>>> print(open('final.csv').read())   # CSV, C-alpha atoms
chain,number,residue,atom,x,y,z
K,15,MET,CA,18.4,-50.6,14.0
K,16,LYS,CA,21.7,-50.3,12.3
K,17,ARG,CA,22.7,-47.1,10.6
K,18,GLU,CA,23.1,-48.6,7.2
K,19,ASN,CA,19.7,-50.3,7.4
K,20,THR,CA,18.0,-47.0,8.4
K,21,ARG,CA,19.5,-45.1,5.4
K,22,GLU,CA,18.4,-48.0,3.1
K,23,ARG,CA,14.9,-48.0,4.5
K,24,ILE,CA,14.5,-44.3,3.9
K,25,LEU,CA,15.8,-44.7,0.3
K,26,GLU,CA,13.5,-47.7,-0.4
K,27,ALA,CA,10.4,-45.9,0.9
K,28,ALA,CA,11.3,-42.7,-0.9
K,29,ALA,CA,12.0,-44.7,-4.1
K,30,GLU,CA,8.5,-46.2,-4.2
K,31,LEU,CA,6.7,-42.9,-3.4
K,32,VAL,CA,8.7,-40.7,-5.8
K,33,HIS,CA,8.5,-43.2,-8.6
K,34,TYR,CA,4.8,-43.1,-8.4
K,35,LYS,CA,4.0,-39.5,-7.4
K,36,GLY,CA,7.0,-37.5,-8.4
K,37,PHE,CA,9.6,-35.8,-6.2
K,38,ASN,CA,7.9,-32.5,-5.5
K,39,HIS,CA,4.5,-34.1,-4.8
K,40,THR,CA,6.0,-36.5,-2.2
K,41,GLY,CA,6.2,-34.9,1.2
K,42,LEU,CA,9.0,-35.7,3.6
K,43,LYS,CA,6.4,-36.7,6.2
K,44,GLU,CA,5.1,-39.4,3.8
K,45,ILE,CA,8.6,-40.7,3.4
K,46,LEU,CA,9.1,-40.8,7.2
K,47,ASP,CA,5.8,-42.5,7.8
K,48,ALA,CA,6.4,-45.1,5.1
K,49,SER,CA,9.9,-45.9,6.3
K,50,GLY,CA,9.0,-45.7,10.0
K,51,VAL,CA,12.1,-43.4,10.6
K,52,PRO,CA,11.8,-40.4,12.9
K,53,LYS,CA,12.6,-36.9,11.6
K,54,GLY,CA,15.7,-36.4,13.6
K,55,SER,CA,17.1,-39.7,12.4
K,56,PHE,CA,16.4,-38.7,8.8
K,57,TYR,CA,18.5,-35.5,9.2
K,58,PHE,CA,21.4,-37.7,10.4
K,59,PHE,CA,21.5,-39.3,7.0
K,60,PHE,CA,20.4,-36.5,4.7
K,61,LYS,CA,20.8,-32.7,5.1
K,62,SER,CA,17.7,-32.0,3.2
K,63,LYS,CA,15.0,-33.5,1.0
K,64,GLU,CA,17.0,-32.5,-2.0
K,65,GLU,CA,20.0,-34.4,-0.8
K,66,LEU,CA,17.8,-37.4,-0.4
K,67,GLY,CA,16.6,-36.8,-4.0
K,68,LEU,CA,20.1,-36.8,-5.3
K,69,ALA,CA,20.9,-40.1,-3.5
K,70,LEU,CA,17.7,-41.5,-5.0
K,71,VAL,CA,19.0,-40.9,-8.5
K,72,ASP,CA,22.0,-43.1,-7.7
K,73,PHE,CA,19.7,-45.6,-6.0
K,74,TYR,CA,17.5,-45.9,-9.1
K,75,ALA,CA,20.5,-45.9,-11.5
K,76,GLU,CA,22.2,-48.7,-9.6
K,77,ARG,CA,19.0,-50.9,-9.8
K,78,ILE,CA,18.7,-50.3,-13.6
K,79,ALA,CA,22.5,-50.8,-14.1
K,80,GLU,CA,22.3,-54.2,-12.3
K,81,VAL,CA,19.7,-55.5,-14.8
K,82,ALA,CA,21.6,-53.9,-17.7
K,83,ARG,CA,24.8,-55.6,-16.7
K,84,SER,CA,23.2,-59.0,-16.4
K,85,CYS,CA,21.8,-58.6,-20.0
K,86,PHE,CA,24.8,-56.8,-21.6
K,87,GLU,CA,27.3,-59.4,-20.3
K,88,ASP,CA,25.3,-62.5,-21.6
K,89,ASP,CA,27.8,-64.0,-24.0
K,90,SER,CA,25.3,-66.4,-25.4
K,91,ARG,CA,23.8,-63.6,-27.4
K,92,SER,CA,25.1,-61.2,-30.1
K,93,PRO,CA,25.7,-57.6,-29.0
K,94,ILE,CA,22.4,-56.4,-30.4
K,95,GLY,CA,20.6,-59.5,-29.0
K,96,ARG,CA,22.0,-58.5,-25.6
K,97,LEU,CA,20.7,-55.0,-25.9
K,98,ARG,CA,17.3,-56.3,-27.0
K,99,SER,CA,17.1,-58.7,-24.0
K,100,PHE,CA,17.3,-55.7,-21.7
K,101,PHE,CA,14.3,-54.1,-23.3
K,102,GLN,CA,12.5,-57.5,-23.3
K,103,TRP,CA,13.1,-57.7,-19.5
K,104,ALA,CA,11.5,-54.2,-19.3
K,105,TYR,CA,8.4,-55.2,-21.3
K,106,VAL,CA,7.7,-58.0,-18.7
K,107,ARG,CA,8.4,-55.7,-15.8
K,108,PHE,CA,6.0,-53.0,-17.0
K,109,GLU,CA,3.3,-55.5,-17.8
K,110,THR,CA,3.6,-56.6,-14.2
K,111,ASP,CA,3.4,-53.0,-13.0
K,112,GLY,CA,0.2,-52.3,-15.0
K,113,CYS,CA,2.0,-49.8,-17.3
K,114,GLU,CA,2.5,-47.5,-14.4
K,115,LYS,CA,5.3,-45.3,-13.1
K,116,GLY,CA,7.7,-45.6,-16.1
K,117,CYS,CA,11.4,-44.9,-15.7
K,118,PRO,CA,12.3,-43.3,-12.4
K,119,ILE,CA,15.3,-41.6,-14.0
K,120,GLY,CA,13.3,-40.3,-17.0
K,121,ASN,CA,10.5,-39.0,-14.7
K,122,LEU,CA,13.0,-37.0,-12.7
K,123,CYS,CA,14.7,-35.7,-15.8
K,124,GLN,CA,11.3,-34.4,-16.9
K,125,GLU,CA,10.3,-33.0,-13.5
K,126,MET,CA,13.5,-31.7,-12.0
K,127,SER,CA,15.9,-30.6,-14.8
K,128,ASP,CA,14.6,-27.1,-15.0
K,129,LEU,CA,14.0,-26.7,-11.2
K,130,SER,CA,17.3,-27.8,-9.6
K,131,PRO,CA,20.8,-27.5,-11.1
K,132,ALA,CA,22.1,-30.2,-8.8
K,133,PHE,CA,19.4,-32.6,-10.0
K,134,ARG,CA,20.0,-31.7,-13.6
K,135,GLU,CA,23.8,-32.3,-13.3
K,136,LYS,CA,23.4,-35.7,-11.6
K,137,LEU,CA,20.6,-36.8,-14.0
K,138,GLU,CA,22.7,-35.8,-17.0
K,139,SER,CA,25.7,-37.8,-15.8
K,140,VAL,CA,23.5,-40.9,-15.1
K,141,THR,CA,21.7,-40.6,-18.5
K,142,GLU,CA,25.1,-40.3,-20.2
K,143,ARG,CA,26.4,-43.3,-18.4
K,144,MET,CA,23.4,-45.4,-19.5
K,145,ALA,CA,23.9,-44.2,-23.1
K,146,LEU,CA,27.6,-45.1,-23.0
K,147,GLY,CA,26.7,-48.7,-21.9
K,148,VAL,CA,24.5,-49.0,-24.9
K,149,ALA,CA,27.1,-47.4,-27.1
K,150,ARG,CA,29.7,-49.9,-26.0
K,151,LEU,CA,27.5,-52.8,-27.1
K,152,LEU,CA,26.8,-51.1,-30.4
K,153,GLN,CA,30.5,-50.6,-30.9
K,154,GLN,CA,31.0,-54.3,-30.5
K,155,ALA,CA,28.1,-54.9,-33.0
K,156,LYS,CA,29.8,-52.5,-35.4
K,157,GLU,CA,33.1,-54.5,-35.2
K,158,THR,CA,31.3,-57.8,-35.9
K,159,GLY,CA,29.2,-56.3,-38.8
K,160,GLU,CA,25.9,-56.7,-36.9
K,161,LEU,CA,25.3,-52.9,-36.9
K,162,PRO,CA,24.6,-51.3,-40.3
K,163,GLY,CA,27.9,-49.8,-41.3
K,164,HIS,CA,26.8,-46.2,-41.7
K,165,LEU,CA,25.5,-45.9,-38.1
K,166,ASP,CA,27.6,-44.3,-35.4
K,167,PRO,CA,27.4,-46.4,-32.2
K,168,GLY,CA,27.3,-43.4,-29.8
K,169,GLU,CA,24.7,-41.4,-31.8
K,170,THR,CA,22.6,-44.5,-32.3
K,171,ALA,CA,22.8,-45.4,-28.6
K,172,ARG,CA,21.7,-41.9,-27.6
K,173,PHE,CA,18.8,-42.0,-30.0
K,174,ILE,CA,17.7,-45.4,-28.6
K,175,THR,CA,17.8,-44.3,-25.0
K,176,SER,CA,16.0,-41.1,-25.7
K,177,SER,CA,13.4,-42.8,-27.8
K,178,TRP,CA,12.9,-45.4,-25.0
K,179,GLN,CA,12.0,-42.6,-22.6
K,180,GLY,CA,9.3,-41.4,-25.0
K,181,ALA,CA,8.0,-44.9,-25.3
K,182,LEU,CA,7.7,-45.2,-21.5
K,183,LEU,CA,6.0,-41.8,-21.2
K,184,THR,CA,3.5,-42.9,-23.9
K,185,MET,CA,2.9,-46.2,-22.2
K,186,LYS,CA,1.9,-44.4,-19.0
K,187,VAL,CA,-0.8,-42.5,-20.8
K,188,VAL,CA,-2.2,-45.2,-23.0
K,189,LYS,CA,-1.8,-47.9,-20.3
K,190,THR,CA,-0.9,-50.6,-22.8
K,191,LEU,CA,2.5,-52.1,-23.8
K,192,ASP,CA,1.9,-51.0,-27.4
K,193,PRO,CA,4.4,-48.1,-27.3
K,194,LEU,CA,7.1,-50.4,-26.0
K,195,TYR,CA,6.5,-53.1,-28.7
K,196,ARG,CA,6.4,-50.3,-31.3
K,197,PHE,CA,9.7,-49.0,-30.0
K,198,ASP,CA,11.1,-52.6,-30.3
K,199,ARG,CA,9.9,-52.9,-33.9
K,200,PHE,CA,11.2,-49.6,-35.1
K,201,ILE,CA,14.5,-49.7,-33.3
K,202,PHE,CA,15.4,-53.4,-33.9
K,203,GLY,CA,13.4,-54.0,-37.0
K,204,GLU,CA,14.1,-50.8,-38.8
K,205,ILE,CA,17.1,-48.8,-37.5
K,206,LEU,CA,19.4,-51.6,-36.3
K,207,SER,CA,18.5,-53.9,-39.1
K,208,GLY,CA,19.3,-51.1,-41.7
K,209,GLY,CA,15.7,-50.7,-42.8
K,210,LYS,CA,15.1,-54.4,-43.5
K,211,PRO,CA,11.7,-54.8,-41.8
K,212,ASP,CA,12.4,-58.5,-40.9
K,213,GLY,CA,15.5,-57.6,-39.0
K,214,SER,CA,15.7,-59.7,-35.8
K,215,SER,CA,18.5,-60.4,-33.4
X,17,MET,CA,-13.0,-7.2,-16.7
X,18,LYS,CA,-15.0,-9.3,-19.1
X,19,ARG,CA,-15.7,-12.9,-18.1
X,20,GLU,CA,-14.0,-14.4,-21.2
X,21,ASN,CA,-10.9,-12.3,-20.5
X,22,THR,CA,-10.8,-13.5,-16.9
X,23,ARG,CA,-11.0,-17.2,-17.8
X,24,GLU,CA,-8.3,-16.6,-20.5
X,25,ARG,CA,-6.0,-14.8,-18.0
X,26,ILE,CA,-6.3,-17.6,-15.5
X,27,LEU,CA,-5.4,-20.2,-18.3
X,28,GLU,CA,-2.5,-18.1,-19.6
X,29,ALA,CA,-1.0,-17.6,-16.1
X,30,ALA,CA,-1.5,-21.3,-15.2
X,31,ALA,CA,-0.1,-22.5,-18.6
X,32,GLU,CA,3.2,-20.6,-17.9
X,33,LEU,CA,3.6,-21.9,-14.4
X,34,VAL,CA,2.5,-25.5,-15.0
X,35,HIS,CA,4.7,-25.8,-18.1
X,36,TYR,CA,7.7,-24.8,-16.0
X,37,LYS,CA,7.0,-26.3,-12.6
X,38,GLY,CA,4.5,-29.1,-13.2
X,39,PHE,CA,0.9,-29.3,-12.1
X,40,ASN,CA,1.2,-30.6,-8.6
X,41,HIS,CA,4.0,-28.3,-7.7
X,42,THR,CA,2.1,-25.2,-8.8
X,43,GLY,CA,-0.1,-23.8,-6.1
X,44,LEU,CA,-3.5,-22.3,-6.8
X,45,LYS,CA,-2.4,-19.2,-4.9
X,46,GLU,CA,0.5,-18.7,-7.4
X,47,ILE,CA,-1.9,-19.0,-10.3
X,48,LEU,CA,-4.2,-16.4,-8.7
X,49,ASP,CA,-1.3,-14.1,-7.9
X,50,ALA,CA,0.1,-14.4,-11.4
X,51,SER,CA,-3.2,-13.8,-13.1
X,52,GLY,CA,-4.4,-11.1,-10.7
X,53,VAL,CA,-7.7,-12.9,-10.3
X,54,PRO,CA,-9.4,-13.2,-6.8
X,55,LYS,CA,-10.2,-16.7,-5.5
X,56,GLY,CA,-13.9,-16.3,-5.7
X,57,SER,CA,-13.7,-15.3,-9.3
X,58,PHE,CA,-11.5,-18.4,-10.0
X,59,TYR,CA,-14.2,-20.7,-8.7
X,60,PHE,CA,-16.8,-19.1,-10.9
X,61,PHE,CA,-14.8,-20.5,-13.9
X,62,PHE,CA,-13.4,-23.7,-12.5
X,63,LYS,CA,-14.8,-26.0,-9.9
X,64,SER,CA,-11.4,-27.1,-8.7
X,65,LYS,CA,-7.7,-27.0,-9.5
X,66,GLU,CA,-8.1,-30.3,-11.4
X,67,GLU,CA,-10.9,-28.8,-13.6
X,68,LEU,CA,-8.4,-26.0,-14.5
X,69,GLY,CA,-5.8,-28.7,-15.2
X,70,LEU,CA,-8.1,-30.4,-17.7
X,71,ALA,CA,-8.9,-27.1,-19.4
X,72,LEU,CA,-5.1,-26.5,-19.6
X,73,VAL,CA,-4.6,-29.7,-21.5
X,74,ASP,CA,-7.0,-28.4,-24.2
X,75,PHE,CA,-5.4,-24.9,-24.0
X,76,TYR,CA,-1.9,-26.4,-24.7
X,77,ALA,CA,-3.2,-28.8,-27.3
X,78,GLU,CA,-4.9,-26.0,-29.2
X,79,ARG,CA,-1.7,-23.9,-29.3
X,80,ILE,CA,0.3,-26.9,-30.6
X,81,ALA,CA,-2.4,-27.8,-33.1
X,82,GLU,CA,-2.3,-24.2,-34.5
X,83,VAL,CA,1.4,-24.6,-35.4
X,84,ALA,CA,0.9,-28.1,-36.7
X,85,ARG,CA,-2.0,-27.0,-39.0
X,86,SER,CA,0.0,-24.2,-40.5
X,87,CYS,CA,2.9,-26.6,-41.2
X,88,PHE,CA,0.8,-29.6,-42.3
X,89,GLU,CA,-1.3,-27.6,-44.7
X,90,ASP,CA,1.7,-26.0,-46.5
X,91,ASP,CA,1.1,-27.3,-50.1
X,92,SER,CA,4.5,-26.0,-51.3
X,93,ARG,CA,6.1,-29.0,-49.5
X,94,SER,CA,5.8,-32.8,-49.8
X,95,PRO,CA,3.9,-34.5,-47.0
X,96,ILE,CA,7.1,-35.6,-45.2
X,97,GLY,CA,8.5,-32.1,-45.8
X,98,ARG,CA,5.5,-30.6,-44.1
X,99,LEU,CA,5.9,-32.9,-41.1
X,100,ARG,CA,9.6,-32.0,-40.9
X,101,SER,CA,8.8,-28.3,-41.0
X,102,PHE,CA,6.8,-28.7,-37.8
X,103,PHE,CA,9.8,-30.2,-36.0
X,104,GLN,CA,12.0,-27.5,-37.5
X,105,TRP,CA,9.7,-24.9,-36.0
X,106,ALA,CA,10.1,-26.6,-32.7
X,107,TYR,CA,14.0,-26.7,-32.8
X,108,VAL,CA,13.9,-22.9,-33.2
X,109,ARG,CA,11.3,-22.5,-30.4
X,110,PHE,CA,13.3,-24.6,-27.9
X,111,GLU,CA,16.5,-22.8,-28.8
X,112,THR,CA,14.8,-19.6,-27.9
X,113,ASP,CA,13.5,-21.1,-24.7
X,114,GLY,CA,17.0,-22.2,-23.6
X,115,CYS,CA,16.0,-25.9,-23.9
X,116,GLU,CA,13.6,-25.5,-21.0
X,117,LYS,CA,10.1,-26.8,-20.2
X,118,GLY,CA,9.7,-29.3,-23.1
X,119,CYS,CA,6.3,-30.3,-24.3
X,120,PRO,CA,3.5,-29.3,-21.9
X,121,ILE,CA,1.4,-32.2,-23.0
X,122,GLY,CA,4.2,-34.7,-22.6
X,123,ASN,CA,5.1,-33.3,-19.2
X,124,LEU,CA,1.5,-33.8,-18.0
X,125,CYS,CA,1.4,-37.4,-19.4
X,126,GLN,CA,4.5,-38.2,-17.4
X,127,GLU,CA,3.3,-36.4,-14.2
X,128,MET,CA,-0.5,-37.1,-14.1
X,129,SER,CA,-1.3,-40.3,-16.0
X,130,ASP,CA,-1.0,-42.5,-12.9
X,131,LEU,CA,-2.4,-40.0,-10.5
X,132,SER,CA,-5.7,-38.9,-12.1
X,133,PRO,CA,-8.0,-41.0,-14.3
X,134,ALA,CA,-9.6,-37.8,-15.7
X,135,PHE,CA,-6.2,-36.3,-16.7
X,136,ARG,CA,-5.1,-39.7,-18.2
X,137,GLU,CA,-8.2,-40.0,-20.3
X,138,LYS,CA,-8.0,-36.4,-21.6
X,139,LEU,CA,-4.2,-36.7,-22.3
X,140,GLU,CA,-4.7,-40.0,-24.1
X,141,SER,CA,-7.3,-38.4,-26.4
X,142,VAL,CA,-5.1,-35.4,-27.1
X,143,THR,CA,-2.0,-37.6,-27.7
X,144,GLU,CA,-4.0,-39.8,-30.0
X,145,ARG,CA,-5.3,-36.8,-32.0
X,146,MET,CA,-1.8,-35.5,-32.5
X,147,ALA,CA,-0.6,-38.9,-33.7
X,148,LEU,CA,-3.6,-39.1,-36.1
X,149,GLY,CA,-2.6,-35.7,-37.6
X,150,VAL,CA,0.9,-37.1,-38.3
X,151,ALA,CA,-0.7,-40.4,-39.6
X,152,ARG,CA,-2.8,-38.5,-42.1
X,153,LEU,CA,0.3,-36.8,-43.5
X,154,LEU,CA,2.2,-40.2,-43.7
X,155,GLN,CA,-0.8,-41.7,-45.4
X,156,GLN,CA,-0.5,-39.0,-48.1
X,157,ALA,CA,3.2,-39.8,-48.3
X,158,LYS,CA,2.4,-43.4,-48.8
X,159,GLU,CA,0.1,-42.7,-51.6
X,160,THR,CA,2.7,-40.6,-53.4
X,161,GLY,CA,5.4,-43.2,-52.8
X,162,GLU,CA,7.4,-40.8,-50.5
X,163,LEU,CA,7.0,-43.2,-47.5
X,164,PRO,CA,8.9,-46.5,-47.7
X,165,GLY,CA,6.3,-49.0,-48.8
X,166,HIS,CA,6.6,-51.4,-45.9
X,167,LEU,CA,5.8,-48.7,-43.3
X,168,ASP,CA,2.4,-48.4,-41.8
X,169,PRO,CA,1.4,-44.7,-41.6
X,170,GLY,CA,-0.4,-45.0,-38.2
X,171,GLU,CA,2.3,-47.1,-36.5
X,172,THR,CA,5.0,-44.9,-37.9
X,173,ALA,CA,3.2,-41.8,-36.7
X,174,ARG,CA,2.9,-43.2,-33.2
X,175,PHE,CA,6.5,-44.1,-33.1
X,176,ILE,CA,7.5,-40.6,-34.2
X,177,THR,CA,5.3,-38.8,-31.7
X,178,SER,CA,6.5,-41.0,-28.9
X,179,SER,CA,10.1,-40.7,-29.9
X,180,TRP,CA,9.7,-36.9,-30.0
X,181,GLN,CA,8.6,-36.9,-26.4
X,182,GLY,CA,11.8,-38.8,-25.5
X,183,ALA,CA,13.9,-36.3,-27.4
X,184,LEU,CA,12.3,-33.4,-25.6
X,185,LEU,CA,12.8,-35.0,-22.2
X,186,THR,CA,16.4,-35.6,-23.0
X,187,MET,CA,16.9,-32.0,-24.2
X,188,LYS,CA,15.6,-30.8,-20.8
X,189,VAL,CA,18.4,-32.7,-19.0
X,190,VAL,CA,21.3,-32.1,-21.4
X,191,LYS,CA,20.3,-28.5,-22.1
X,192,THR,CA,21.3,-28.6,-25.8
X,193,LEU,CA,19.4,-29.1,-29.0
X,194,ASP,CA,21.4,-32.3,-29.8
X,195,PRO,CA,18.6,-34.7,-28.9
X,196,LEU,CA,16.2,-32.9,-31.2
X,197,TYR,CA,18.7,-32.9,-34.1
X,198,ARG,CA,19.4,-36.5,-33.5
X,199,PHE,CA,15.7,-37.3,-33.5
X,200,ASP,CA,15.6,-35.4,-36.9
X,201,ARG,CA,18.4,-37.5,-38.4
X,202,PHE,CA,17.1,-40.9,-37.2
X,203,ILE,CA,13.5,-40.2,-38.1
X,204,PHE,CA,13.9,-38.4,-41.4
X,205,GLY,CA,17.3,-39.7,-42.4
X,206,GLU,CA,16.8,-43.3,-41.4
X,207,ILE,CA,13.2,-44.4,-40.9
X,208,LEU,CA,11.3,-42.2,-43.3
X,209,SER,CA,14.0,-42.6,-46.0
X,210,GLY,CA,14.0,-46.3,-45.7
X,211,GLY,CA,17.5,-46.6,-44.2
X,212,LYS,CA,19.3,-44.5,-46.8
X,213,PRO,CA,21.4,-42.3,-44.6
X,214,ASP,CA,21.2,-39.3,-47.0
X,215,GLY,CA,17.4,-39.2,-47.0
X,216,SER,CA,16.1,-35.7,-46.9
X,217,SER,CA,12.8,-34.2,-47.6
>>> encode(input="final.csv", output="structure tokens")
Amino acid sequence: MKRENTRERILEAAAELVHYKGFNHTGLKEILDASGVPKGSFYFFFKSKEELGLALVDFYAERIAEVARSCFEDDSRSPIGRLRSFFQWAYVRFETDGCEKGCPIGNLCQEMSDLSPAFREKLESVTERMALGVARLLQQAKETGELPGHLDPGETARFITSSWQGALLTMKVVKTLDPLYRFDRFIFGEILSGGKPDGSS
Amino acid sequence: MKRENTRERILEAAAELVHYKGFNHTGLKEILDASGVPKGSFYFFFKSKEELGLALVDFYAERIAEVARSCFEDDSRSPIGRLRSFFQWAYVRFETDGCEKGCPIGNLCQEMSDLSPAFREKLESVTERMALGVARLLQQAKETGELPGHLDPGETARFITSSWQGALLTMKVVKTLDPLYRFDRFIFGEILSGGKPDGSS
């Protein structure tokens, strides 16, 4: 087995388990069993379970960023239309997943921010990077007049990404997509349309 | 020690620990140590750690409901003003708490919804009860013309409570009150004011 493959297998197995069960509730033994990697080999790649956890944040963030990039760079849509297409991708994804698990980054923010300064710092930088991606789109929307003039792109982006985390958390407990569709209506139909309830993009 | 006091001491010790560390990451031994209650006595009150967890959901919900009632029944304010006063109470509370811990109910929704059907059901009913309390206020606001006419009180209430969970989750990671103040501006200054950026209540 090549070294790169082994590291990747550990990350993939851990990503599945931690997304479902949380970081602290997932034992290292479970990760080793699921990846088929012996303990000694694990410690060749990661000094500790926490170091694996920090690498997982990057792993999750990169998977989300890949989807975001493909939506945000779609020139056939307006800037706000591109943003909405990312969330529309997510609605389908969570329907497939039975409204389980939610956002792996949001889950770790909730679970780890108070317990590990290293996690908190990494999660903050990843969360900020996601908000900046949304802010750049909204800045474009401001320049074309698509964004209501009084809204600040950065502040609006941060409200949207934060509100999205709440929608995903609520989805997990009600086990329907209603909180996501409600998020869509209020964000795109109210805030981004300037309070016009028929706003669509 | 009276029986009622013992049960209460277990709940109070568990509430502190679980709020900070999460349910699965808090050991029964830690709860027993913190409450000074022997193991045998614990099992007199709770059949299992999960049964304690379900009682904790009620315990947390009642503490939040007490504050909500005192804000929501304040006749010196308009319905939307009463709602806002609840969140204003929370901003002060989380500043005092150093932006830690977040909402104990939201944390458990995130952590336990996929892992325990009993938790999920209880958390869903508590979450729904909170949203209904907000919906009743917004219904009053609709009747007095304070709520923009096109908004549905129940849907708006559910969006607000869900978005609030996202704001608290984001607060935990950035460790400032900015996500809460941003929530305030977008909910009260945009959505509840019908898109007029100067909306205040």
>>> atom_distance(input="final.csv", atom1="atom CA of K:Met126", atom2="atom CA of X:Lys37")
8.5 Å
>>> residues_around(input="final.csv", residues="X:Gly122", least_positions_apart="3", cutoff="9 Å", atoms="all atoms listed in the file", output="PyMOL selection string")
(chain K and resi 180+183-184) or (chain X and resi 118-119+125-127+139+143+181+184-185)
>>> residues_around(input="final.csv", residues="stretch 142-156 of chain K", least_positions_apart="2", cutoff="10 Å", atoms="only C-alpha atoms", output="PyMOL selection string")
(chain K and resi 75+78-79+82-83+86-87+92-97+136-140+158-176+206) or (chain X and resi 190)
>>> closest_residue(input="final.csv", among="X:Ser86, X:Ser101, X:Ser179, X:Ser209", to="chain K", atoms="only C-alpha atoms")
X:Ser179
>>> closest_residue(input="final.csv", among="X:Phe103, X:Phe135, X:Phe62, X:Phe75", to="chain K", atoms="only C-alpha atoms")
X:Phe135
>>> closest_residue(input="final.csv", among="X:Gly69, X:Gly56, X:Pro133, X:Gly210", to="chain K", atoms="all atoms listed in the file")
X:Gly210
>>> closest_residue(input="final.csv", among="K:Pro118, K:Gly203, K:Pro193, K:Gly50", to="chain X", atoms="all atoms listed in the file")
K:Pro193
>>> atom_distance(input="final.csv", atom1="atom CA of X:Ser57", atom2="atom CA of X:Tyr36")
24.4 Å
